[in-house]
Amino acid sequence: MTARDPFESCARYGIDDPLGEHKTMKTIPALTCLFLDIGGVLLTDGWDHHARERAATHFKLDWAEMEGRHSLTFETHEEGKLTFEEYLGRVVFYQERAFTRAQFRRFMFAQSKSHPEMIDMVVRLKARHGLKIAVVSNEARELNAHRIRKFKLAAIVDFFISSCFVHVRKPDADIFRLALDIAQVPARQVVYIENTPMFVEIAEGLGIRGILHTDYRSTCAQLASLGLQTGEGAGDETG
């Protein structure tokens, strides 16, 4: 009687490894979803300390006083619990000014610029790999809405888990848990591109694969190492 190949027999009965020789081999799950920050990844930061310092100089404001008032209110503002007009009233227009709220608003919103190579990369990844795209960001409602509209982010992003919408902000891990629930994907199938090291670490603590974004080329290389070819550059497979 001829001995039957154990792998052939066990395959018939749905047993993967009859000899236990492959127990240490692990299959890396396919990535199906991309989480992204906006500020520092797709766009410049919307209202960081550099932008506030430029505003203080342009409008001849006391920088230290403005920054102190900002620091007391910005978390509440980004969590969607303080309107844009309330924020301006507390930080800038708590006294008479020689300029209007509309002028300050225009200056503030004009600080946002795009990183077009990153936006194009996300477009290619979505088309090439069929990824769900979700933004996970700390932004105030009015500024967030302006940036989504001006840079047409809704055309490439499936879900916006912005702090102003969900009333929780990074570094609270709950914003990532909410993002996973909304996207309906397990953490092991998600990669997150973020330019703040701590936020990458928090996401990785939940089982999400993280990429610390420093520049376009290095992020493309890290994505390629995870099997997500961007479709640009000599290192990308085209098959």
# chains A, B, ... in the order shown; residues from 1 in each chain; ligands from 1

call {"tool": "residues_around", "arguments": {"residues": "A:Thr44", "least_positions_apart": "3", "cutoff": "10 Å", "atoms": "only C-alpha atoms", "output": "short mmCIF file (atom, residue, chain, number, x, y, z; two decimals) with N, CA and C atoms, in the first residue's frame"}}
result
data_model
loop_
_atom_site.label_atom_id
_atom_site.label_comp_id
_atom_site.auth_asym_id
_atom_site.auth_seq_id
_atom_site.Cartn_x
_atom_site.Cartn_y
_atom_site.Cartn_z
N ILE A 38 -4.53 65.13 8.29
CA ILE A 38 -4.59 66.18 7.27
C ILE A 38 -3.38 67.11 7.42
N GLY A 39 -3.31 67.82 8.54
CA GLY A 39 -2.22 68.77 8.75
C GLY A 39 -0.87 68.09 8.84
N GLY A 40 0.05 68.49 7.97
CA GLY A 40 1.38 67.89 7.96
C GLY A 40 1.50 66.69 7.05
N VAL A 41 0.38 66.23 6.49
CA VAL A 41 0.40 65.08 5.58
C VAL A 41 -0.21 65.47 4.23
N TRP A 47 -3.56 75.86 11.62
CA TRP A 47 -3.50 76.98 12.55
C TRP A 47 -2.50 76.64 13.65
N ASP A 48 -1.26 76.34 13.23
CA ASP A 48 -0.23 76.01 14.20
C ASP A 48 0.42 77.28 14.74
N GLN A 111 -3.76 80.51 5.43
CA GLN A 111 -2.52 79.85 5.83
C GLN A 111 -2.43 78.41 5.34
N SER A 112 -3.56 77.83 4.96
CA SER A 112 -3.57 76.43 4.52
C SER A 112 -3.09 76.29 3.08
N LYS A 113 -2.11 75.42 2.88
CA LYS A 113 -1.60 75.08 1.56
C LYS A 113 -1.62 73.57 1.40
N SER A 114 -1.68 73.12 0.16
CA SER A 114 -1.74 71.68 -0.07
C SER A 114 -0.35 71.09 -0.26
N HIS A 115 -0.25 69.78 -0.06
CA HIS A 115 0.91 68.99 -0.46
C HIS A 115 0.42 68.13 -1.64
#

call {"tool": "atom_distance", "arguments": {"atom1": "atom CA of A:Met118", "atom2": "atom CA of A:Val157"}}
result
13.0 Å

call {"tool": "select_by_dssp", "arguments": {"residues": "stretch 162-216 of chain A", "states": "alpha helix (DSSP H)", "output": "list in words"}}
result
Ser163, Cys164, Phe165, Val166, Asp174, Ile175, Phe176, Arg177, Leu178, Ala179, Leu180, Asp181, Ile182, Ala183, Pro197, Met198, Phe199, Val200, Glu201, Ile202, Ala203, Glu204, Gly205 and Tyr216 of chain A

call {"tool": "closest_residue", "arguments": {"among": "A:Arg217, A:Arg177, A:His58, A:Lys81", "to": "A:Met121", "atoms": "only C-alpha atoms"}}
result
A:Arg217

call {"tool": "closest_residue", "arguments": {"among": "A:Thr230, A:Glu194, A:Asp181, A:Ala55", "to": "A:Asp215", "atoms": "only C-alpha atoms"}}
result
A:Glu194

call {"tool": "closest_residue", "arguments": {"among": "A:Arg209, A:His167, A:Arg90, A:His49", "to": "A:Arg69", "atoms": "only C-alpha atoms"}}
result
A:Arg90

call {"tool": "atom_distance", "arguments": {"atom1": "atom CA of A:Arg97", "atom2": "atom CA of A:His70"}}
result
17.1 Å

call {"tool": "closest_residue", "arguments": {"among": "A:Glu67, A:Glu117, A:Glu53, A:Glu75", "to": "A:Thr219", "atoms": "only C-alpha atoms"}}
result
A:Glu117

call {"tool": "residues_around", "arguments": {"residues": "A:Thr196", "least_positions_apart": "4", "cutoff": "10 Å", "atoms": "only C-alpha atoms", "output": "number ranges by chain"}}
result
A: 37, 40, 200-201, 211-214

call {"tool": "select_by_dssp", "arguments": {"residues": "stretch 115-207 of chain A", "states": "strand (DSSP E)", "output": "list of chain:residue names"}}
result
A:Lys132, A:Ile133, A:Ala134, A:Val135, A:Val136, A:Ser137, A:Phe159, A:Phe160, A:Ile161, A:Ser162, A:Val190, A:Val191, A:Tyr192, A:Ile193, A:Glu194

call {"tool": "atom_distance", "arguments": {"atom1": "atom CA of A:Asn195", "atom2": "atom CA of A:Glu85"}}
result
29.0 Å

call {"tool": "residues_around", "arguments": {"residues": "A:Gly130", "least_positions_apart": "5", "cutoff": "9 Å", "atoms": "only C-alpha atoms", "output": "MDAnalysis selection string"}}
result
chainID A and resid 32:33 125

call {"tool": "write_last_selection", "arguments": {"atoms": "C-alpha atoms", "output": "PDB file, in the first residue's frame"}}
result
ATOM      1  CA  THR A  32      -7.733  47.383   3.074  1.00  0.00           C
ATOM      2  CA  CYS A  33      -7.902  50.827   4.685  1.00  0.00           C
ATOM      3  CA  LEU A 125      -3.431  54.169  -3.855  1.00  0.00           C
TER       4      LEU A 125
END

call {"tool": "residues_around", "arguments": {"residues": "A:Leu31", "least_positions_apart": "2", "cutoff": "9 Å", "atoms": "only C-alpha atoms", "output": "MDAnalysis selection string"}}
result
chainID A and resid 28:29 33:34 129 131 188:191 226:228

call {"tool": "closest_residue", "arguments": {"among": "A:Leu178, A:Val168, A:Ile208, A:Ala98", "to": "A:Thr76", "atoms": "only C-alpha atoms"}}
result
A:Val168

call {"tool": "decode", "arguments": {"residues": "stretch 112-205 of chain A", "atoms": "C-alpha atoms", "output": "PDB file, in the first residue's frame"}}
result
ATOM      1  CA  SER A 112      -3.575  76.430   4.516  1.00  0.00           C
ATOM      2  CA  LYS A 113      -1.598  75.085   1.555  1.00  0.00           C
ATOM      3  CA  SER A 114      -1.739  71.677  -0.065  1.00  0.00           C
ATOM      4  CA  HIS A 115       0.907  68.990  -0.464  1.00  0.00           C
ATOM      5  CA  PRO A 116      -0.202  67.993  -3.994  1.00  0.00           C
ATOM      6  CA  GLU A 117       2.180  65.035  -4.311  1.00  0.00           C
ATOM      7  CA  MET A 118       0.634  63.464  -1.186  1.00  0.00           C
ATOM      8  CA  ILE A 119      -2.914  64.053  -2.395  1.00  0.00           C
ATOM      9  CA  ASP A 120      -2.044  62.517  -5.776  1.00  0.00           C
ATOM     10  CA  MET A 121      -0.452  59.553  -4.015  1.00  0.00           C
ATOM     11  CA  VAL A 122      -3.648  58.863  -2.071  1.00  0.00           C
ATOM     12  CA  VAL A 123      -5.671  59.052  -5.297  1.00  0.00           C
ATOM     13  CA  ARG A 124      -3.379  56.458  -6.903  1.00  0.00           C
ATOM     14  CA  LEU A 125      -3.431  54.169  -3.855  1.00  0.00           C
ATOM     15  CA  LYS A 126      -7.217  54.218  -3.739  1.00  0.00           C
ATOM     16  CA  ALA A 127      -7.531  53.430  -7.442  1.00  0.00           C
ATOM     17  CA  ARG A 128      -4.769  50.813  -7.493  1.00  0.00           C
ATOM     18  CA  HIS A 129      -5.573  48.906  -4.297  1.00  0.00           C
ATOM     19  CA  GLY A 130      -9.262  49.702  -3.688  1.00  0.00           C
ATOM     20  CA  LEU A 131      -8.527  51.101  -0.231  1.00  0.00           C
ATOM     21  CA  LYS A 132     -11.020  52.783   2.040  1.00  0.00           C
ATOM     22  CA  ILE A 133      -9.623  56.211   2.921  1.00  0.00           C
ATOM     23  CA  ALA A 134     -10.315  57.791   6.307  1.00  0.00           C
ATOM     24  CA  VAL A 135      -9.012  61.040   7.764  1.00  0.00           C
ATOM     25  CA  VAL A 136      -8.254  61.019  11.506  1.00  0.00           C
ATOM     26  CA  SER A 137      -7.407  64.577  12.496  1.00  0.00           C
ATOM     27  CA  ASN A 138      -7.569  67.247  15.166  1.00  0.00           C
ATOM     28  CA  GLU A 139      -9.239  70.265  13.568  1.00  0.00           C
ATOM     29  CA  ALA A 140     -11.831  72.881  14.450  1.00  0.00           C
ATOM     30  CA  ARG A 141     -15.113  72.679  12.552  1.00  0.00           C
ATOM     31  CA  GLU A 142     -15.000  75.841  10.434  1.00  0.00           C
ATOM     32  CA  LEU A 143     -11.356  75.432   9.477  1.00  0.00           C
ATOM     33  CA  ASN A 144     -11.867  71.728   8.763  1.00  0.00           C
ATOM     34  CA  ALA A 145     -14.849  72.471   6.523  1.00  0.00           C
ATOM     35  CA  HIS A 146     -12.883  75.153   4.667  1.00  0.00           C
ATOM     36  CA  ARG A 147      -9.936  72.829   4.045  1.00  0.00           C
ATOM     37  CA  ILE A 148     -12.126  69.928   2.906  1.00  0.00           C
ATOM     38  CA  ARG A 149     -13.955  72.205   0.483  1.00  0.00           C
ATOM     39  CA  LYS A 150     -10.999  74.232  -0.835  1.00  0.00           C
ATOM     40  CA  PHE A 151      -8.759  71.253  -1.504  1.00  0.00           C
ATOM     41  CA  LYS A 152     -11.602  68.926  -2.624  1.00  0.00           C
ATOM     42  CA  LEU A 153     -10.695  66.268  -0.061  1.00  0.00           C
ATOM     43  CA  ALA A 154     -14.185  64.780  -0.072  1.00  0.00           C
ATOM     44  CA  ALA A 155     -13.488  63.492  -3.592  1.00  0.00           C
ATOM     45  CA  ILE A 156     -10.843  61.083  -2.267  1.00  0.00           C
ATOM     46  CA  VAL A 157     -11.738  60.546   1.401  1.00  0.00           C
ATOM     47  CA  ASP A 158     -14.531  58.158   2.421  1.00  0.00           C
ATOM     48  CA  PHE A 159     -14.760  59.125   6.101  1.00  0.00           C
ATOM     49  CA  PHE A 160     -13.740  62.203   8.085  1.00  0.00           C
ATOM     50  CA  ILE A 161     -13.144  61.328  11.724  1.00  0.00           C
ATOM     51  CA  SER A 162     -12.299  64.895  12.723  1.00  0.00           C
ATOM     52  CA  SER A 163     -12.098  65.858  16.382  1.00  0.00           C
ATOM     53  CA  CYS A 164     -14.729  68.560  15.841  1.00  0.00           C
ATOM     54  CA  PHE A 165     -17.244  65.944  14.646  1.00  0.00           C
ATOM     55  CA  VAL A 166     -16.613  63.161  17.168  1.00  0.00           C
ATOM     56  CA  HIS A 167     -15.769  65.420  20.172  1.00  0.00           C
ATOM     57  CA  VAL A 168     -12.581  63.544  21.022  1.00  0.00           C
ATOM     58  CA  ARG A 169      -9.090  64.396  19.848  1.00  0.00           C
ATOM     59  CA  LYS A 170      -5.695  62.795  19.563  1.00  0.00           C
ATOM     60  CA  PRO A 171      -3.848  61.673  21.691  1.00  0.00           C
ATOM     61  CA  ASP A 172      -7.008  60.016  23.059  1.00  0.00           C
ATOM     62  CA  ALA A 173      -6.969  56.478  21.625  1.00  0.00           C
ATOM     63  CA  ASP A 174     -10.765  56.556  21.432  1.00  0.00           C
ATOM     64  CA  ILE A 175     -10.592  58.584  18.214  1.00  0.00           C
ATOM     65  CA  PHE A 176      -8.824  55.642  16.548  1.00  0.00           C
ATOM     66  CA  ARG A 177     -11.334  53.176  17.992  1.00  0.00           C
ATOM     67  CA  LEU A 178     -14.135  55.326  16.557  1.00  0.00           C
ATOM     68  CA  ALA A 179     -12.362  55.404  13.196  1.00  0.00           C
ATOM     69  CA  LEU A 180     -12.142  51.610  13.173  1.00  0.00           C
ATOM     70  CA  ASP A 181     -15.824  51.309  14.067  1.00  0.00           C
ATOM     71  CA  ILE A 182     -16.882  53.781  11.377  1.00  0.00           C
ATOM     72  CA  ALA A 183     -14.672  52.236   8.688  1.00  0.00           C
ATOM     73  CA  GLN A 184     -15.702  48.708   9.783  1.00  0.00           C
ATOM     74  CA  VAL A 185     -12.248  47.235   9.363  1.00  0.00           C
ATOM     75  CA  PRO A 186     -10.035  45.372  11.839  1.00  0.00           C
ATOM     76  CA  ALA A 187      -6.960  47.232  13.045  1.00  0.00           C
ATOM     77  CA  ARG A 188      -4.586  44.729  11.396  1.00  0.00           C
ATOM     78  CA  GLN A 189      -5.913  45.761   7.969  1.00  0.00           C
ATOM     79  CA  VAL A 190      -5.206  49.479   8.475  1.00  0.00           C
ATOM     80  CA  VAL A 191      -2.120  51.588   7.848  1.00  0.00           C
ATOM     81  CA  TYR A 192      -1.960  55.096   9.317  1.00  0.00           C
ATOM     82  CA  ILE A 193       0.137  57.970   7.914  1.00  0.00           C
ATOM     83  CA  GLU A 194       0.842  60.637  10.536  1.00  0.00           C
ATOM     84  CA  ASN A 195       3.586  63.220  11.152  1.00  0.00           C
ATOM     85  CA  THR A 196       3.438  63.208  14.978  1.00  0.00           C
ATOM     86  CA  PRO A 197       5.433  60.327  16.505  1.00  0.00           C
ATOM     87  CA  MET A 198       3.250  59.930  19.612  1.00  0.00           C
ATOM     88  CA  PHE A 199       0.083  59.580  17.536  1.00  0.00           C
ATOM     89  CA  VAL A 200       1.734  56.870  15.418  1.00  0.00           C
ATOM     90  CA  GLU A 201       2.669  55.025  18.611  1.00  0.00           C
ATOM     91  CA  ILE A 202      -0.890  55.237  19.964  1.00  0.00           C
ATOM     92  CA  ALA A 203      -2.329  53.847  16.727  1.00  0.00           C
ATOM     93  CA  GLU A 204       0.234  51.044  16.711  1.00  0.00           C
ATOM     94  CA  GLY A 205      -0.771  50.201  20.284  1.00  0.00           C
TER      95      GLY A 205
END
